[in-house]
Amino acid sequence: MSVGVSVIEPGPVLETLLHSAARTAVSGWPDEQALAELRRSGLLATAVPVEYGGAGGDAATVNSVVERVARVNPSVAIILFQHFAVTMRVVEWGSAEQKAALLPAFASGECLAASAWSERGAGAAKKNISTTGVRTPDGRWRLNGAKSFTTGAGVADIYLVLATTAAAHDDRSGEDAQGVRNGQDARNGQDVHAGQDGLYGSAGQSFFLVRGDNPGLEVDRSLDLAGMRGSATGFVNLRDCEVPDEDRLGPLGQAPAIIAAVRETGATLGAVSVGIAQAALDIAIDHARRPGPLGTQAARQRLAELSAQVEAARAIVDSAGRRLSATPGTVTLQSKLFASATAEQVCLEVARMLGSTAYVVGHQLNRLIADARAVALMGPTNDLCRDLMAASWTN
């Protein structure tokens, strides 16, 4: 199956997701019908290479798809972004067996992926995670811990789980794992120890691909979020959760290197923010076409300024995805900062312009305001983005 950006031209999928956003804003529960439509739509194949049945889309394509979905349903856009993120990690770091087993299922919609990295008390930088992975005598891994704010909890079929597998002084014990030789990753030549002294993650952490039906994995969706209410964001608990060693992703103890390489791809949560900002602007433009206060020259000029801000946010997200800069990782961080700030500003400005018209329960703009705020809190949080950028200037 070959899938492209044209798949998300306005049609049945986007219409379904638009109506779903209104329903989940009230229920606070993921919409199974909308997620089933998402699986059938072909969108999940965007980041899967063509040889595994996907579209072969790059980060720019991923950002474009996520923006278009976020314009009608930010919650589903977040689920989709996380699926793409795990897909890209498997493409980059997966073994031949992992790619053959997972990527076709990711592309077909049979398997929806999610990330489970965050924990209470671990901080935005994920340095002090309490989830552990202990090797059993038969060579398997036993995972124990609790993950919080996991998007797609309970609806995903597989989770990319971050766990501590060794003390810092033992982090080099797995250098011979999955193609790593002499400190180099054989697939892309990157130094797998890069980022060990950085701000994100700690030495001795590893990634595992855990099936959603694993008896040691339990989901708790008791979180009642103010925004992204249809994103199935909740807790994932691991209690003596056993996985085979072949379900470990990437070199043992080298998760920080994998994390450090993520922003270099150019895929950015800023794409979600651009979609939200565009949706808010669309609401204002629609009102400006009607008789009323938004039909004045002053209001139209303010809308023109807001449209320029949205387009500027879209441009930096596009630049991140196309990796046009000499420092693409920095631009990826900048794109999240700028686009998320723009989305909040545009949403609040449109709310002021609409006045009492939007000050009612259930108005789409109120949902967008809450959703816009949520992006700034997602990993890497905006504060961590600033720290990562500042650190790059002092090294």
# chains A, B, ... in the order shown; residues from 1 in each chain; ligands from 1

$ select_by_dssp --residues "segment 170-391 of chain A" --states "helix (DSSP H, G or I)" --output "PyMOL selection string"
chain A and resi 170+177-179+245-247+255-265+270-288+293-295+297-322+328-358+364-377+382-391

$ write_last_selection --atoms "C-alpha atoms" --output "CSV table (one decimal), in the first residue's frame"
chain,number,residue,atom,x,y,z
A,170,ASP,CA,27.5,-0.3,33.6
A,177,ALA,CA,24.1,-5.3,20.8
A,178,GLN,CA,22.2,-4.9,17.5
A,179,GLY,CA,25.0,-3.9,15.2
A,245,ASP,CA,15.4,-9.7,24.7
A,246,GLU,CA,14.5,-9.5,21.0
A,247,ASP,CA,11.9,-6.9,22.0
A,255,ALA,CA,18.5,5.2,25.3
A,256,PRO,CA,19.9,8.7,25.7
A,257,ALA,CA,21.6,8.5,22.4
A,258,ILE,CA,18.4,7.4,20.7
A,259,ILE,CA,16.5,10.3,22.4
A,260,ALA,CA,19.2,12.8,21.4
A,261,ALA,CA,18.8,11.7,17.8
A,262,VAL,CA,15.0,12.2,17.8
A,263,ARG,CA,15.0,16.0,17.3
A,264,GLU,CA,17.5,15.6,14.5
A,265,THR,CA,14.8,14.0,12.3
A,270,GLY,CA,4.9,22.2,16.5
A,271,ALA,CA,2.9,20.7,13.7
A,272,VAL,CA,0.1,20.0,16.2
A,273,SER,CA,0.2,23.7,17.3
A,274,VAL,CA,0.1,25.0,13.7
A,275,GLY,CA,-3.1,22.9,13.1
A,276,ILE,CA,-4.6,24.3,16.3
A,277,ALA,CA,-3.7,27.9,15.4
A,278,GLN,CA,-5.1,27.5,11.9
A,279,ALA,CA,-8.4,26.1,13.3
A,280,ALA,CA,-8.7,29.2,15.6
A,281,LEU,CA,-7.9,31.5,12.7
A,282,ASP,CA,-10.5,29.8,10.5
A,283,ILE,CA,-13.2,30.4,13.2
A,284,ALA,CA,-12.3,34.1,13.3
A,285,ILE,CA,-12.3,34.4,9.5
A,286,ASP,CA,-15.7,32.7,9.3
A,287,HIS,CA,-17.1,35.3,11.7
A,288,ALA,CA,-15.4,38.1,9.8
A,293,PRO,CA,-17.7,43.5,15.1
A,294,LEU,CA,-15.2,41.3,13.1
A,295,GLY,CA,-16.3,42.9,9.9
A,297,GLN,CA,-11.4,47.3,9.1
A,298,ALA,CA,-9.5,47.2,12.4
A,299,ALA,CA,-10.6,43.6,13.0
A,300,ARG,CA,-9.7,42.5,9.5
A,301,GLN,CA,-6.2,44.1,9.9
A,302,ARG,CA,-5.7,42.2,13.2
A,303,LEU,CA,-6.8,39.0,11.5
A,304,ALA,CA,-4.2,39.7,8.7
A,305,GLU,CA,-1.5,39.9,11.4
A,306,LEU,CA,-2.7,36.7,13.0
A,307,SER,CA,-2.6,34.9,9.7
A,308,ALA,CA,1.0,36.1,9.2
A,309,GLN,CA,1.9,34.6,12.6
A,310,VAL,CA,0.3,31.3,11.7
A,311,GLU,CA,2.1,31.2,8.4
A,312,ALA,CA,5.4,32.0,10.2
A,313,ALA,CA,4.8,29.1,12.5
A,314,ARG,CA,4.0,26.8,9.6
A,315,ALA,CA,7.2,27.9,7.9
A,316,ILE,CA,9.5,27.0,10.8
A,317,VAL,CA,7.8,23.7,11.2
A,318,ASP,CA,8.3,23.0,7.5
A,319,SER,CA,11.9,24.1,7.8
A,320,ALA,CA,12.4,21.6,10.7
A,321,GLY,CA,10.9,18.8,8.7
A,322,ARG,CA,12.9,19.5,5.6
A,328,PRO,CA,18.4,20.8,12.3
A,329,GLY,CA,18.0,19.7,15.9
A,330,THR,CA,18.0,23.2,17.1
A,331,VAL,CA,15.4,24.2,14.6
A,332,THR,CA,13.2,21.3,15.7
A,333,LEU,CA,13.3,22.6,19.2
A,334,GLN,CA,12.7,26.2,18.0
A,335,SER,CA,9.7,25.0,15.9
A,336,LYS,CA,8.0,23.6,19.0
A,337,LEU,CA,8.6,26.7,21.1
A,338,PHE,CA,7.5,29.1,18.4
A,339,ALA,CA,4.5,27.2,17.1
A,340,SER,CA,3.1,26.4,20.5
A,341,ALA,CA,3.4,30.0,21.7
A,342,THR,CA,1.8,31.1,18.5
A,343,ALA,CA,-1.1,28.7,18.9
A,344,GLU,CA,-1.8,30.0,22.4
A,345,GLN,CA,-1.6,33.6,21.3
A,346,VAL,CA,-3.8,33.2,18.3
A,347,CYS,CA,-6.4,31.2,20.2
A,348,LEU,CA,-6.6,33.8,23.0
A,349,GLU,CA,-6.6,36.7,20.6
A,350,VAL,CA,-9.5,35.2,18.6
A,351,ALA,CA,-11.4,34.6,21.9
A,352,ARG,CA,-11.0,38.3,22.7
A,353,MET,CA,-12.2,39.3,19.2
A,354,LEU,CA,-15.3,37.1,19.4
A,355,GLY,CA,-16.2,38.3,22.9
A,356,SER,CA,-19.3,36.7,24.4
A,357,THR,CA,-19.9,34.7,21.2
A,358,ALA,CA,-17.3,32.1,22.2
A,364,GLN,CA,-14.8,24.9,19.6
A,365,LEU,CA,-12.6,27.8,20.4
A,366,ASN,CA,-12.5,26.9,24.1
A,367,ARG,CA,-11.4,23.3,23.2
A,368,LEU,CA,-8.7,24.7,21.1
A,369,ILE,CA,-7.4,27.0,23.8
A,370,ALA,CA,-7.1,24.0,26.2
A,371,ASP,CA,-5.5,21.9,23.5
A,372,ALA,CA,-3.0,24.6,22.6
A,373,ARG,CA,-1.8,24.8,26.2
A,374,ALA,CA,-1.3,21.1,26.4
A,375,VAL,CA,1.3,21.0,23.6
A,376,ALA,CA,3.7,23.2,25.6
A,377,LEU,CA,3.6,20.6,28.4
A,382,ASN,CA,9.0,24.0,26.3
A,383,ASP,CA,11.2,24.7,29.3
A,384,LEU,CA,13.3,21.7,28.4
A,385,CYS,CA,13.5,22.8,24.8
A,386,ARG,CA,15.0,26.1,26.1
A,387,ASP,CA,17.5,24.3,28.2
A,388,LEU,CA,18.5,22.0,25.4
A,389,MET,CA,19.0,24.9,23.1
A,390,ALA,CA,21.0,26.9,25.6
A,391,ALA,CA,23.2,23.8,26.4

$ residues_around --residues "segment 30-46 of chain A" --least-positions-apart "4" --cutoff "8 Å" --atoms "only C-alpha atoms" --output "JSON, numbers by chain"
{"A": [2, 3, 4, 7, 8, 13, 16, 17, 20, 23, 24, 53, 54, 55, 56, 57, 61, 62, 65, 76, 80, 83, 84, 106, 107, 108, 109, 110, 112, 229, 230, 231, 232]}

$ closest_residue --among "A:Ala122, A:Met88, A:Val243, A:Ala59" --to "Arg211 of chain A" --atoms "only C-alpha atoms"
A:Val243

$ closest_residue --among "A:Arg71, A:Pro104, A:Pro215, A:Gly266" --to "Ser325 of chain A" --atoms "only C-alpha atoms"
A:Gly266

$ closest_residue --among "A:Leu249, A:Tyr200, A:Ala153, A:Leu269" --to "Asp213 of chain A" --atoms "only C-alpha atoms"
A:Ala153

$ decode --residues "segment 32-47 of chain A" --atoms "all heavy atoms" --output "PDB file, in the first residue's frame"
ATOM      1  N   GLU A  32     -13.693   5.420  20.018  1.00  0.00           N
ATOM      2  CA  GLU A  32     -13.298   4.176  19.354  1.00  0.00           C
ATOM      3  C   GLU A  32     -13.658   4.184  17.870  1.00  0.00           C
ATOM      4  O   GLU A  32     -12.924   3.659  17.033  1.00  0.00           O
ATOM      5  CB  GLU A  32     -13.948   2.981  20.056  1.00  0.00           C
ATOM      6  CG  GLU A  32     -13.521   2.792  21.505  1.00  0.00           C
ATOM      7  CD  GLU A  32     -12.051   2.408  21.642  1.00  0.00           C
ATOM      8  OE1 GLU A  32     -11.441   1.985  20.637  1.00  0.00           O
ATOM      9  OE2 GLU A  32     -11.509   2.534  22.754  1.00  0.00           O
ATOM     10  N   GLN A  33     -14.788   4.793  17.532  1.00  0.00           N
ATOM     11  CA  GLN A  33     -15.201   4.858  16.128  1.00  0.00           C
ATOM     12  C   GLN A  33     -14.201   5.677  15.313  1.00  0.00           C
ATOM     13  O   GLN A  33     -13.799   5.283  14.214  1.00  0.00           O
ATOM     14  CB  GLN A  33     -16.591   5.478  16.009  1.00  0.00           C
ATOM     15  CG  GLN A  33     -17.065   5.637  14.571  1.00  0.00           C
ATOM     16  CD  GLN A  33     -18.404   6.366  14.473  1.00  0.00           C
ATOM     17  OE1 GLN A  33     -19.078   6.584  15.479  1.00  0.00           O
ATOM     18  NE2 GLN A  33     -18.777   6.762  13.267  1.00  0.00           N
ATOM     19  N   ALA A  34     -13.793   6.819  15.864  1.00  0.00           N
ATOM     20  CA  ALA A  34     -12.833   7.663  15.155  1.00  0.00           C
ATOM     21  C   ALA A  34     -11.481   6.973  15.020  1.00  0.00           C
ATOM     22  O   ALA A  34     -10.826   7.060  13.974  1.00  0.00           O
ATOM     23  CB  ALA A  34     -12.672   8.994  15.887  1.00  0.00           C
ATOM     24  N   LEU A  35     -11.056   6.264  16.064  1.00  0.00           N
ATOM     25  CA  LEU A  35      -9.779   5.563  16.003  1.00  0.00           C
ATOM     26  C   LEU A  35      -9.828   4.409  15.008  1.00  0.00           C
ATOM     27  O   LEU A  35      -8.840   4.128  14.320  1.00  0.00           O
ATOM     28  CB  LEU A  35      -9.392   5.067  17.389  1.00  0.00           C
ATOM     29  CG  LEU A  35      -9.059   6.167  18.410  1.00  0.00           C
ATOM     30  CD1 LEU A  35      -8.791   5.582  19.779  1.00  0.00           C
ATOM     31  CD2 LEU A  35      -7.873   6.993  17.945  1.00  0.00           C
ATOM     32  N   ALA A  36     -10.978   3.745  14.928  1.00  0.00           N
ATOM     33  CA  ALA A  36     -11.126   2.679  13.927  1.00  0.00           C
ATOM     34  C   ALA A  36     -11.047   3.254  12.520  1.00  0.00           C
ATOM     35  O   ALA A  36     -10.431   2.669  11.613  1.00  0.00           O
ATOM     36  CB  ALA A  36     -12.454   1.954  14.135  1.00  0.00           C
ATOM     37  N   GLU A  37     -11.640   4.425  12.329  1.00  0.00           N
ATOM     38  CA  GLU A  37     -11.564   5.103  11.031  1.00  0.00           C
ATOM     39  C   GLU A  37     -10.128   5.510  10.723  1.00  0.00           C
ATOM     40  O   GLU A  37      -9.667   5.416   9.577  1.00  0.00           O
ATOM     41  CB  GLU A  37     -12.468   6.339  11.038  1.00  0.00           C
ATOM     42  CG  GLU A  37     -12.595   7.039   9.707  1.00  0.00           C
ATOM     43  CD  GLU A  37     -13.379   6.239   8.677  1.00  0.00           C
ATOM     44  OE1 GLU A  37     -14.201   5.390   9.083  1.00  0.00           O
ATOM     45  OE2 GLU A  37     -13.151   6.456   7.468  1.00  0.00           O
ATOM     46  N   LEU A  38      -9.409   5.938  11.751  1.00  0.00           N
ATOM     47  CA  LEU A  38      -8.006   6.309  11.574  1.00  0.00           C
ATOM     48  C   LEU A  38      -7.189   5.105  11.114  1.00  0.00           C
ATOM     49  O   LEU A  38      -6.360   5.209  10.210  1.00  0.00           O
ATOM     50  CB  LEU A  38      -7.447   6.850  12.889  1.00  0.00           C
ATOM     51  CG  LEU A  38      -5.974   7.283  12.875  1.00  0.00           C
ATOM     52  CD1 LEU A  38      -5.785   8.525  12.024  1.00  0.00           C
ATOM     53  CD2 LEU A  38      -5.480   7.542  14.306  1.00  0.00           C
ATOM     54  N   ARG A  39      -7.432   3.959  11.711  1.00  0.00           N
ATOM     55  CA  ARG A  39      -6.702   2.751  11.329  1.00  0.00           C
ATOM     56  C   ARG A  39      -6.982   2.380   9.873  1.00  0.00           C
ATOM     57  O   ARG A  39      -6.082   1.924   9.160  1.00  0.00           O
ATOM     58  CB  ARG A  39      -7.092   1.588  12.244  1.00  0.00           C
ATOM     59  CG  ARG A  39      -6.566   1.678  13.671  1.00  0.00           C
ATOM     60  CD  ARG A  39      -7.095   0.506  14.483  1.00  0.00           C
ATOM     61  NE  ARG A  39      -6.745   0.562  15.890  1.00  0.00           N
ATOM     62  CZ  ARG A  39      -5.682  -0.040  16.442  1.00  0.00           C
ATOM     63  NH1 ARG A  39      -4.863  -0.739  15.665  1.00  0.00           N
ATOM     64  NH2 ARG A  39      -5.458   0.039  17.738  1.00  0.00           N
ATOM     65  N   ARG A  40      -8.224   2.574   9.431  1.00  0.00           N
ATOM     66  CA  ARG A  40      -8.597   2.209   8.061  1.00  0.00           C
ATOM     67  C   ARG A  40      -8.150   3.239   7.034  1.00  0.00           C
ATOM     68  O   ARG A  40      -8.096   2.947   5.838  1.00  0.00           O
ATOM     69  CB  ARG A  40     -10.121   2.033   7.955  1.00  0.00           C
ATOM     70  CG  ARG A  40     -10.681   0.837   8.700  1.00  0.00           C
ATOM     71  CD  ARG A  40     -12.134   0.602   8.324  1.00  0.00           C
ATOM     72  NE  ARG A  40     -12.995   1.693   8.751  1.00  0.00           N
ATOM     73  CZ  ARG A  40     -13.656   1.724   9.904  1.00  0.00           C
ATOM     74  NH1 ARG A  40     -13.540   0.709  10.766  1.00  0.00           N
ATOM     75  NH2 ARG A  40     -14.423   2.751  10.224  1.00  0.00           N
ATOM     76  N   SER A  41      -7.836   4.429   7.482  1.00  0.00           N
ATOM     77  CA  SER A  41      -7.599   5.545   6.562  1.00  0.00           C
ATOM     78  C   SER A  41      -6.312   5.441   5.764  1.00  0.00           C
ATOM     79  O   SER A  41      -6.168   6.073   4.724  1.00  0.00           O
ATOM     80  CB  SER A  41      -7.589   6.858   7.349  1.00  0.00           C
ATOM     81  OG  SER A  41      -6.430   6.932   8.175  1.00  0.00           O
ATOM     82  N   GLY A  42      -5.350   4.671   6.261  1.00  0.00           N
ATOM     83  CA  GLY A  42      -4.044   4.608   5.620  1.00  0.00           C
ATOM     84  C   GLY A  42      -3.052   5.613   6.167  1.00  0.00           C
ATOM     85  O   GLY A  42      -1.866   5.563   5.833  1.00  0.00           O
ATOM     86  N   LEU A  43      -3.497   6.508   7.034  1.00  0.00           N
ATOM     87  CA  LEU A  43      -2.601   7.538   7.557  1.00  0.00           C
ATOM     88  C   LEU A  43      -1.465   6.957   8.389  1.00  0.00           C
ATOM     89  O   LEU A  43      -0.364   7.510   8.419  1.00  0.00           O
ATOM     90  CB  LEU A  43      -3.387   8.530   8.412  1.00  0.00           C
ATOM     91  CG  LEU A  43      -4.360   9.454   7.684  1.00  0.00           C
ATOM     92  CD1 LEU A  43      -5.074  10.341   8.677  1.00  0.00           C
ATOM     93  CD2 LEU A  43      -3.643  10.292   6.654  1.00  0.00           C
ATOM     94  N   LEU A  44      -1.722   5.852   9.064  1.00  0.00           N
ATOM     95  CA  LEU A  44      -0.699   5.280   9.927  1.00  0.00           C
ATOM     96  C   LEU A  44       0.515   4.796   9.144  1.00  0.00           C
ATOM     97  O   LEU A  44       1.577   4.545   9.717  1.00  0.00           O
ATOM     98  CB  LEU A  44      -1.279   4.127  10.746  1.00  0.00           C
ATOM     99  CG  LEU A  44      -2.406   4.493  11.721  1.00  0.00           C
ATOM    100  CD1 LEU A  44      -2.876   3.259  12.479  1.00  0.00           C
ATOM    101  CD2 LEU A  44      -1.959   5.567  12.694  1.00  0.00           C
ATOM    102  N   ALA A  45       0.382   4.664   7.837  1.00  0.00           N
ATOM    103  CA  ALA A  45       1.486   4.193   6.990  1.00  0.00           C
ATOM    104  C   ALA A  45       2.437   5.303   6.579  1.00  0.00           C
ATOM    105  O   ALA A  45       3.457   5.038   5.938  1.00  0.00           O
ATOM    106  CB  ALA A  45       0.916   3.525   5.738  1.00  0.00           C
ATOM    107  N   THR A  46       2.145   6.532   6.940  1.00  0.00           N
ATOM    108  CA  THR A  46       2.891   7.683   6.434  1.00  0.00           C
ATOM    109  C   THR A  46       4.403   7.552   6.600  1.00  0.00           C
ATOM    110  O   THR A  46       5.165   7.801   5.666  1.00  0.00           O
ATOM    111  CB  THR A  46       2.405   8.969   7.124  1.00  0.00           C
ATOM    112  OG1 THR A  46       1.012   9.164   6.855  1.00  0.00           O
ATOM    113  CG2 THR A  46       3.182  10.181   6.633  1.00  0.00           C
ATOM    114  N   ALA A  47       4.860   7.174   7.786  1.00  0.00           N
ATOM    115  CA  ALA A  47       6.299   7.159   8.080  1.00  0.00           C
ATOM    116  C   ALA A  47       6.947   5.791   7.855  1.00  0.00           C
ATOM    117  O   ALA A  47       8.141   5.637   8.111  1.00  0.00           O
ATOM    118  CB  ALA A  47       6.535   7.609   9.519  1.00  0.00           C
TER     119      ALA A  47
END
